[in-house]
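Asker: So I've got this file, entry_19.txt, and it contains compact mmCIF, C-alpha atoms:
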```
# COMPACT_ATOMS: atom_id res chain seq x y z
CA LYS V 1 53.91 148.61 129.93
CA LYS V 2 52.76 145.21 128.84
CA GLY V 3 54.87 142.14 129.52
CA GLY V 4 57.47 141.58 126.81
CA GLU V 5 57.41 145.23 125.71
CA ILE V 6 60.02 146.57 128.10
CA GLY V 7 61.92 148.59 125.52
CA LYS V 8 59.00 149.75 123.36
CA GLN V 9 57.76 153.29 123.75
CA GLU V 10 55.98 156.07 121.90
CA LEU V 11 58.76 157.93 120.11
CA ASP V 12 58.92 161.71 119.68
CA TYR V 13 60.61 161.34 116.29
CA LYS V 14 60.19 159.43 113.03
CA VAL V 15 62.27 158.43 110.02
CA GLY V 16 63.69 161.53 108.33
CA ASP V 17 63.65 163.71 111.46
CA ARG V 18 66.80 165.52 112.66
CA VAL V 19 67.66 164.52 116.21
CA SER V 20 70.29 165.34 118.81
CA HIS V 21 72.17 162.93 121.09
CA VAL V 22 74.26 163.98 124.07
CA LYS V 23 77.35 162.03 122.93
CA PHE V 24 77.03 161.76 119.12
CA GLY V 25 75.58 165.22 118.36
CA GLU V 26 73.11 165.86 115.56
CA GLY V 27 71.95 163.40 112.95
CA VAL V 28 69.07 162.12 110.83
CA VAL V 29 66.89 159.11 111.71
CA LEU V 30 67.34 156.52 108.93
CA SER V 31 65.16 153.72 110.30
CA ILE V 32 63.23 152.49 113.32
CA GLU V 33 63.04 148.71 113.75
CA SER V 34 60.87 146.96 116.33
CA THR V 35 61.55 143.47 117.63
CA SER V 36 59.42 141.64 120.16
CA ALA V 37 61.11 143.47 123.05
CA ILE V 38 62.94 146.58 121.83
CA GLN V 39 63.02 149.34 119.24
CA GLU V 40 66.30 150.03 117.47
CA VAL V 41 66.86 153.42 115.88
CA THR V 42 69.47 153.86 113.14
CA VAL V 43 70.78 157.43 113.00
CA ASP V 44 73.31 158.95 110.61
CA PHE V 45 75.25 161.36 112.83
CA GLU V 46 77.17 164.23 111.22
CA LYS V 47 80.41 163.55 113.13
CA ASP V 48 80.24 159.88 114.16
CA GLY V 49 78.48 158.34 111.17
CA ARG V 50 75.80 155.66 111.30
CA ARG V 51 74.88 154.25 114.72
CA VAL V 52 72.22 151.78 115.83
CA LEU V 53 70.78 152.71 119.22
CA VAL V 54 68.17 151.18 121.52
CA ALA V 55 65.36 153.75 121.53
CA ALA V 56 64.55 153.30 125.23
CA TYR V 57 68.09 154.33 126.22
CA ALA V 58 69.14 156.65 123.38
CA LYS V 59 67.46 159.81 124.76
CA LEU V 60 67.23 161.31 121.29
CA VAL V 61 65.67 164.76 121.05
CA ARG V 62 63.90 165.83 117.86
CA ILE V 63 65.33 169.05 116.41
CA ASP V 64 63.47 169.28 113.13
CA SER V 65 60.61 167.24 111.69
CA ASN V 66 60.70 166.26 108.05
```
Do you think you could lay out the structure here as structure tokens?

Answerer:
Amino acid sequence: KKGGEIGKQELDYKVGDRVSHVKFGEGVVLSIESTSAIQEVTVDFEKDGRRVLVAAYAKLVRIDSN
């Protein structure tokens, strides 16, 4: 990875996709925001509501593409 892009990665999901998270369960990706160093993913989880996660650490798995 290039310097300054520690948290940026190619994501396996996009806005509108259904994803699964080990702790929060299933949800829908609402937005993906990139700053100079990280990508933040906002997901609306069925049980836990809206959460903002750092993409590099979230370990989200795409269930269904929209």

Asker: Take CA of Arg62 in chain V and CA of His21 in chain V and report the distance between them in Å, one decimal.

Answerer: 9.3 Å

Asker: CA of Thr35 in chain V and CA of Gly16 in chain V are how many Å apart?

Answerer: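 If I compute the distance from CA of Thr35 in chain V to CA of Gly16 in chain V, I get 20.4 Å.
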
Asker: Can you pull out the residues contacting Ser31 in chain V? Cut-off 9 Å, using all atoms listed in the file, and skip same-chain residues under 2 positions away; I want them as a list of chain:residue names.

Answerer: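 The contact residues come out as V:Lys14, V:Val15, V:Gly16, V:Val29, V:Glu33, V:Glu40, V:Val41, V:Thr42, V:Val43.
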
Asker: Grab the CA of Leu30 in chain V to CA of Arg51 in chain V distance for me, in Å with one decimal place.

Answerer: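 Atom-to-atom, CA of Leu30 in chain V and CA of Arg51 in chain V are spaced 9.8 Å apart.
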
Asker: Can you list, as number ranges by chain, every protein, DNA or RNA residue that comes within 10 Å of range 53-60 of chain V when you count all atoms listed in the file, leaving out same-chain residues fewer than 2 positions away?

Answerer: V: 6-13, 18-23, 25-27, 29, 32-34, 38-43, 50-51, 62-63
